[in-house]
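Structure, as structure tokens:
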Amino acid sequence: MRKRIALLAVAAAVGAVLVHTGGTAVAHGSMVWPGSRTYLCYEDGRVGGGGGDLQPTNPACAAAVAQGGKQPLWDWFGNLISNAAGRHREIVPDGSLCGPTTKFAAYNLPRADWPTTQVTANSTVTFRYNAWAPHPGTWEQYVTKDGFDATKPLKWSDLESVPFDKVTNPPLANGEYAWQARLPNKTGRHIIYSLWQRSDSPEAFYSCSDVVFGGGTGTPDTTAPSAPGTPVASGVTGSSVKLDWAASTDNVGVTGYRVYSGGQVVATSATNSVTVTGLSADTSYSFTVVATDSAGNASAASSGVAVRTSAGGGGPTGSCTVAYSRPSTWNGGFTANVTVTNTGTSALNAWELVWDFPAGQQLSQAWSSTVTVANGRATAKGVSHNANIAPGGTASFGFNATTASTPADPTSFTLSGSSCAIR
Amino acid sequence: MTRALIALLVVGSVTFALLVGRAEPTPDLSRGVDGIAAWLNELTDECATVRRGDDFTDFAGPVRSKVYAPFVAEWGTCAKEPYGRLGLLVLRPGLDQAWRTALANGEVRGDPDLAFGDGFALTGSIGMEYLGLKRLECTPSACSLVQIQHH
């Protein structure tokens, strides 16, 4: 039964190949060079969150998260309207071009401090667009008119009337569509507005890429930077490592570096040094670095450096974590939900979770666990369906309690004698 | 060549039909979010660990949280490619009416951005059709569940 979805996808793909109009491929995406607001804010959030949570540091991205939550960034490639069918100007009102649905509305904020990509006017560049599966469609790229003001809501009339670039069914490789385009003759701050209208579905995708045009010679820059030197690791802790590498060279100029681990960008840097944070203790990593230039050219990856983080100092200290929440609190009582996660490598059988249960609280009901209270401590044991927790697995239970005062959440848990991290 | 392609099409179609026909009906919602995660894990081998305790408004933003949260009995997230965090929501009845009201008040635009099952929803949009989930299409006067098209 496992992998059924993968099988479904395979079966669906077979249909897609053979029956072109069937269009069974799943498609989602957004411009990654020059980066769309959602993509660059996602990357900013990943770096700010140390690779775990999303904590953007760019002020515009942080404002967007405050307004729209983090979910749009976890779904940065899903800025779409399902039934657009080419009716973009009809159904997307002025001021909503960058985020036409409620979910992405925060990415319409009229601000000048969105993350930008430096580009060269009149140059030939490689546009890159994230994709999860191939399918037919047409991309149109518009640029804002001269005099565009990023601090005002973006209107359709702010865009040049015709796209400066249009492509149908561009080549797909490594999860990205990539095609060459000649940038328009602009100077300063602008938006490149990309519309992707699928031809096998009414679904359309929208993205705003904030760019700064510099002067150009008119000569296309298609030369990638040289590969960065092999990173050298130092200052290894349980949760971070500092990496330095020999800088790349480029015929125009290197604009930044991306640090990868396991195929994911874990850090970005404008210089040849960065501290990667948010790592797990006592874990092996391999890091490589890629250099980029202002035309979107990416270098070959550097050789990798293997790093093993130290034990402790940033990661959970036991083989378990506990999530404790109170979804409901009322005058005289509360409901608590508890989830225990086995973070170790062996099963936790017949587990027992113990925590302080203050005087004044009385257990009234428990579910998915047998909970007893004695001597100021609560002990929860699993029931038939969750008595054992496989590595990486969880067991959840809940209880109701009465209380004479404001309930205080437990500050420590012990699972079968081992202390658990709290998340 | 043509004959081989037709044969492959038939095999693919039959395989697809069989798998859809045998698709896992629903999660065990008596286990709450864990039931959704277990169902998803069974189908995809992902979503093994449920993350809880995050603030729903922090995740969905205040506008959507105002509409959704009163109808979310329990929620959590898990990792399922391509989502670093995919929301798993156990729902109470009434979300459709709340969305319509918000639409009428101009607080939201378009349709809810969730993929709906019976009594639950996921926050993703990729691959939801393979899970048998549906979209909710709404006007201020009515909402209807529609099958998500195979793209």
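Ordering of the structure tokens sets the chain letters (A, B, ...); residue numbers start at 1 within each chain; ligands are numbered from 1 in the order shown.
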>> Please extract the residues of stretch 23-76 of chain B with a backbone DSSP assignment of helix (DSSP H, G or I) and present them as number ranges by chain.
In response: B: 29-31, 33-44, 56-71
>> So that I can see what lies close to stretch 124-141 of chain B, please list as a count of residues only the residues with an atom at most 6 Å from it, counting only C-alpha atoms and leaving out residues fewer than 3 positions away in the same chain.
In response: 12
>> Could you list, as a PyMOL selection string, every residue within 10 Å of B:Glu107, counting only C-alpha atoms and ignoring same-chain residues fewer than 3 positions away?
In response: (chain A and resi 102) or (chain B and resi 63-64+66-67+99-104)
> Within 10 Å of B:Leu91, counting only C-alpha atoms, which residues qualify if same-chain residues fewer than 2 places away don't, as a PyMOL selection string?
Replying inline: chain B and resi 29+32+68-75+88-89+93-95+116-121
Write the residues of the preceding selection, restricted to C-alpha atoms, as a CSV table (one decimal), in the first residue's frame.
chain,number,residue,atom,x,y,z
B,29,LEU,CA,-10.3,11.0,12.7
B,32,GLY,CA,-7.3,13.4,15.4
B,68,TYR,CA,-10.7,29.0,9.6
B,69,ALA,CA,-9.7,28.8,13.3
B,70,PRO,CA,-13.2,28.6,14.8
B,71,PHE,CA,-13.7,25.4,12.7
B,72,VAL,CA,-10.3,23.8,13.4
B,73,ALA,CA,-10.7,21.3,16.2
B,74,GLU,CA,-7.1,20.2,16.1
B,75,TRP,CA,-4.2,20.9,13.8
B,88,LEU,CA,-3.2,18.9,8.8
B,89,LEU,CA,-6.6,20.2,10.0
B,93,PRO,CA,-18.7,21.9,10.4
B,94,GLY,CA,-19.3,25.5,9.3
B,95,LEU,CA,-16.2,26.6,7.5
B,116,PHE,CA,-10.9,19.0,1.8
B,117,GLY,CA,-11.6,15.5,2.9
B,118,ASP,CA,-14.5,14.3,5.0
B,119,GLY,CA,-14.0,16.2,8.3
B,120,PHE,CA,-10.5,17.3,7.6
B,121,ALA,CA,-8.4,19.3,5.3
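Comparing B:Asp28, B:Asp58, B:Glu81, B:Asp96 by their smallest distance to chain A, the closest is B:Asp58 (using only C-alpha atoms).
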> Between atom CA of A:Tyr129 and atom CA of A:Ser30, what is the spacing in Å?
Replying inline: 5.5 Å
>> as a VMD selection string, please: the residues near A:Ala374 (cut-off 10 Å, only C-alpha atoms, same-chain neighbours under 4 positions excluded).
In response: chain A and resid 356 to 357 378 to 379
>> I need the strand (DSSP E or B) residues of chain B per DSSP on the backbone, written as a PyMOL selection string.
In response: chain B and resi 51+72-80+83-91+115-116+120-122+134-138+143-147
Please dump the current selection as a PDB file, in the first residue's frame; keep C-alpha atoms.
ATOM      1  CA  ARG B  51       4.643  18.960  14.684  1.00  0.00           C
ATOM      2  CA  VAL B  72     -10.298  23.816  13.375  1.00  0.00           C
ATOM      3  CA  ALA B  73     -10.739  21.271  16.154  1.00  0.00           C
ATOM      4  CA  GLU B  74      -7.090  20.230  16.074  1.00  0.00           C
ATOM      5  CA  TRP B  75      -4.171  20.901  13.814  1.00  0.00           C
ATOM      6  CA  GLY B  76      -0.532  20.141  13.247  1.00  0.00           C
ATOM      7  CA  THR B  77       1.989  20.054  10.458  1.00  0.00           C
ATOM      8  CA  CYS B  78       4.254  17.477   8.964  1.00  0.00           C
ATOM      9  CA  ALA B  79       6.858  17.335   6.241  1.00  0.00           C
ATOM     10  CA  LYS B  80       5.646  16.013   2.925  1.00  0.00           C
ATOM     11  CA  TYR B  83       6.084  21.057   1.646  1.00  0.00           C
ATOM     12  CA  GLY B  84       8.471  21.580   4.520  1.00  0.00           C
ATOM     13  CA  ARG B  85       5.344  22.024   6.592  1.00  0.00           C
ATOM     14  CA  LEU B  86       2.001  20.766   5.386  1.00  0.00           C
ATOM     15  CA  GLY B  87      -0.958  21.689   7.565  1.00  0.00           C
ATOM     16  CA  LEU B  88      -3.212  18.885   8.787  1.00  0.00           C
ATOM     17  CA  LEU B  89      -6.554  20.174  10.029  1.00  0.00           C
ATOM     18  CA  VAL B  90      -9.336  18.335  11.827  1.00  0.00           C
ATOM     19  CA  LEU B  91     -12.428  20.365  11.031  1.00  0.00           C
ATOM     20  CA  ALA B 115      -7.905  20.576   0.070  1.00  0.00           C
ATOM     21  CA  PHE B 116     -10.890  19.001   1.789  1.00  0.00           C
ATOM     22  CA  PHE B 120     -10.495  17.255   7.628  1.00  0.00           C
ATOM     23  CA  ALA B 121      -8.353  19.319   5.289  1.00  0.00           C
ATOM     24  CA  LEU B 122      -4.770  19.704   4.163  1.00  0.00           C
ATOM     25  CA  LYS B 134     -11.623  18.222  -3.104  1.00  0.00           C
ATOM     26  CA  ARG B 135     -11.622  21.975  -3.511  1.00  0.00           C
ATOM     27  CA  LEU B 136     -14.338  24.205  -2.170  1.00  0.00           C
ATOM     28  CA  GLU B 137     -15.592  26.741  -4.701  1.00  0.00           C
ATOM     29  CA  CYS B 138     -17.508  29.556  -3.118  1.00  0.00           C
ATOM     30  CA  CYS B 143     -20.133  26.794  -1.789  1.00  0.00           C
ATOM     31  CA  SER B 144     -19.706  23.521  -3.566  1.00  0.00           C
ATOM     32  CA  LEU B 145     -17.117  20.788  -3.280  1.00  0.00           C
ATOM     33  CA  VAL B 146     -15.484  19.976  -6.589  1.00  0.00           C
ATOM     34  CA  GLN B 147     -13.129  17.208  -7.500  1.00  0.00           C
TER      35      GLN B 147
END
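Using only C-alpha atoms, the nearest neighbour of A:Asn337 within the list B:Gly53, B:Pro62, B:Gln97, B:Thr44 is B:Gly53.
Atom CA of A:Ala224 lies 16.8 Å from atom CA of A:Arg182.
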> Counting only C-alpha atoms, what is within 6 Å of stretch 184-196 of chain A, bar same-chain residues fewer than 3 positions away, as a ChimeraX atom specification?
Replying inline: /A:121-122,138-144,204-214
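With atom CA of A:Pro100 on one side and atom CA of A:Asn79 on the other, the separation reads 7.8 Å.
Comparing the minimum interatomic distances between chain A and each of B:Arg52, B:Asn105, B:Ala142, B:Ala37, counting only C-alpha atoms, we find that B:Arg52 sits nearest.
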>> So that I can check the surroundings of stretch 230-245 of chain A, please list as a PyMOL selection string every protein, DNA and RNA residue that reaches within 10 Å of it, counting only C-alpha atoms and ignoring chain neighbours fewer than 4 positions away.
In response: chain A and resi 50+259+271-283+287-289+301-316
What does the file look like for those residues with N, CA and C atoms, as an mmCIF file, in the first residue's frame?
data_model
loop_
_atom_site.group_PDB
_atom_site.id
_atom_site.type_symbol
_atom_site.label_atom_id
_atom_site.label_comp_id
_atom_site.auth_asym_id
_atom_site.auth_seq_id
_atom_site.Cartn_x
_atom_site.Cartn_y
_atom_site.Cartn_z
ATOM 1 N N GLY A 50 17.541 29.533 10.478
ATOM 2 C CA GLY A 50 18.606 28.560 10.695
ATOM 3 C C GLY A 50 18.327 27.217 10.033
ATOM 4 N N VAL A 259 24.890 27.932 -0.293
ATOM 5 C CA VAL A 259 25.475 26.770 0.365
ATOM 6 C C VAL A 259 24.427 25.668 0.395
ATOM 7 N N THR A 271 29.397 37.035 0.600
ATOM 8 C CA THR A 271 30.846 36.905 0.686
ATOM 9 C C THR A 271 31.224 35.428 0.694
ATOM 10 N N ASN A 272 32.531 35.147 0.735
ATOM 11 C CA ASN A 272 32.977 33.755 0.707
ATOM 12 C C ASN A 272 33.115 33.190 2.116
ATOM 13 N N SER A 273 32.127 33.459 2.949
ATOM 14 C CA SER A 273 32.109 32.942 4.311
ATOM 15 C C SER A 273 30.675 32.982 4.831
ATOM 16 N N VAL A 274 30.332 31.990 5.601
ATOM 17 C CA VAL A 274 28.986 31.991 6.197
ATOM 18 C C VAL A 274 28.980 31.027 7.388
ATOM 19 N N THR A 275 28.122 31.289 8.333
ATOM 20 C CA THR A 275 27.898 30.338 9.418
ATOM 21 C C THR A 275 26.535 29.683 9.194
ATOM 22 N N VAL A 276 26.563 28.370 9.049
ATOM 23 C CA VAL A 276 25.321 27.610 8.862
ATOM 24 C C VAL A 276 24.789 27.250 10.243
ATOM 25 N N THR A 277 23.562 27.581 10.497
ATOM 26 C CA THR A 277 22.969 27.305 11.808
ATOM 27 C C THR A 277 21.789 26.354 11.656
ATOM 28 N N GLY A 278 21.218 25.997 12.782
ATOM 29 C CA GLY A 278 20.026 25.153 12.776
ATOM 30 C C GLY A 278 20.316 23.687 12.512
ATOM 31 N N LEU A 279 21.561 23.267 12.720
ATOM 32 C CA LEU A 279 21.920 21.876 12.459
ATOM 33 C C LEU A 279 21.572 21.000 13.662
ATOM 34 N N SER A 280 21.487 19.715 13.423
ATOM 35 C CA SER A 280 21.224 18.762 14.504
ATOM 36 C C SER A 280 22.538 18.285 15.093
ATOM 37 N N ALA A 281 22.532 18.055 16.392
ATOM 38 C CA ALA A 281 23.744 17.593 17.070
ATOM 39 C C ALA A 281 24.106 16.180 16.638
ATOM 40 N N ASP A 282 25.404 15.917 16.683
ATOM 41 C CA ASP A 282 25.913 14.573 16.441
ATOM 42 C C ASP A 282 25.422 14.001 15.104
ATOM 43 N N THR A 283 25.464 14.848 14.094
ATOM 44 C CA THR A 283 24.943 14.475 12.777
ATOM 45 C C THR A 283 25.962 14.837 11.699
ATOM 46 N N PHE A 287 28.642 19.763 2.809
ATOM 47 C CA PHE A 287 28.283 21.078 2.285
ATOM 48 C C PHE A 287 29.035 21.346 0.988
ATOM 49 N N THR A 288 28.325 21.909 0.023
ATOM 50 C CA THR A 288 28.947 22.406 -1.196
ATOM 51 C C THR A 288 28.489 23.849 -1.401
ATOM 52 N N VAL A 289 29.220 24.575 -2.250
ATOM 53 C CA VAL A 289 28.918 25.987 -2.477
ATOM 54 C C VAL A 289 28.827 26.243 -3.976
ATOM 55 N N ALA A 301 29.282 23.315 -8.744
ATOM 56 C CA ALA A 301 29.389 23.230 -7.276
ATOM 57 C C ALA A 301 30.832 22.985 -6.871
ATOM 58 N N SER A 302 31.186 23.520 -5.739
ATOM 59 C CA SER A 302 32.504 23.244 -5.179
ATOM 60 C C SER A 302 32.586 21.782 -4.763
ATOM 61 N N SER A 303 33.764 21.341 -4.459
ATOM 62 C CA SER A 303 33.879 20.039 -3.814
ATOM 63 C C SER A 303 33.222 20.132 -2.443
ATOM 64 N N GLY A 304 32.820 19.004 -1.927
ATOM 65 C CA GLY A 304 32.113 19.017 -0.652
ATOM 66 C C GLY A 304 33.046 18.922 0.540
ATOM 67 N N VAL A 305 32.579 19.427 1.661
ATOM 68 C CA VAL A 305 33.291 19.243 2.907
ATOM 69 C C VAL A 305 32.361 18.504 3.865
ATOM 70 N N ALA A 306 32.889 17.467 4.493
ATOM 71 C CA ALA A 306 32.083 16.680 5.420
ATOM 72 C C ALA A 306 32.274 17.219 6.834
ATOM 73 N N VAL A 307 31.190 17.385 7.524
ATOM 74 C CA VAL A 307 31.220 17.921 8.887
ATOM 75 C C VAL A 307 30.331 17.060 9.764
ATOM 76 N N ARG A 308 30.799 16.761 10.950
ATOM 77 C CA ARG A 308 29.923 16.103 11.927
ATOM 78 C C ARG A 308 29.771 17.033 13.120
ATOM 79 N N THR A 309 28.566 17.408 13.393
ATOM 80 C CA THR A 309 28.328 18.313 14.513
ATOM 81 C C THR A 309 28.620 17.586 15.821
ATOM 82 N N SER A 310 28.966 18.379 16.827
ATOM 83 C CA SER A 310 29.291 17.784 18.111
ATOM 84 C C SER A 310 28.029 17.331 18.820
ATOM 85 N N ALA A 311 28.207 16.437 19.766
ATOM 86 C CA ALA A 311 27.059 15.946 20.535
ATOM 87 C C ALA A 311 26.584 17.038 21.474
ATOM 88 N N GLY A 312 25.267 17.153 21.615
ATOM 89 C CA GLY A 312 24.708 18.148 22.532
ATOM 90 C C GLY A 312 24.914 19.540 22.004
ATOM 91 N N GLY A 313 24.634 20.517 22.855
ATOM 92 C CA GLY A 313 24.859 21.901 22.475
ATOM 93 C C GLY A 313 23.978 22.385 21.371
ATOM 94 N N GLY A 314 22.746 22.098 21.413
ATOM 95 C CA GLY A 314 21.866 22.616 20.388
ATOM 96 C C GLY A 314 20.791 21.639 19.994
ATOM 97 N N GLY A 315 21.004 20.407 20.192
ATOM 98 C CA GLY A 315 20.001 19.433 19.821
ATOM 99 C C GLY A 315 19.325 18.859 21.046
ATOM 100 N N PRO A 316 18.334 18.025 20.855
ATOM 101 C CA PRO A 316 17.677 17.388 21.976
ATOM 102 C C PRO A 316 18.655 16.537 22.762
#
>> Could you check the closest approach to chain B for each of A:Gly256, A:Gly175, A:Pro228, A:Gly48 and tell me which residue wins, using only C-alpha atoms?
In response: A:Gly175
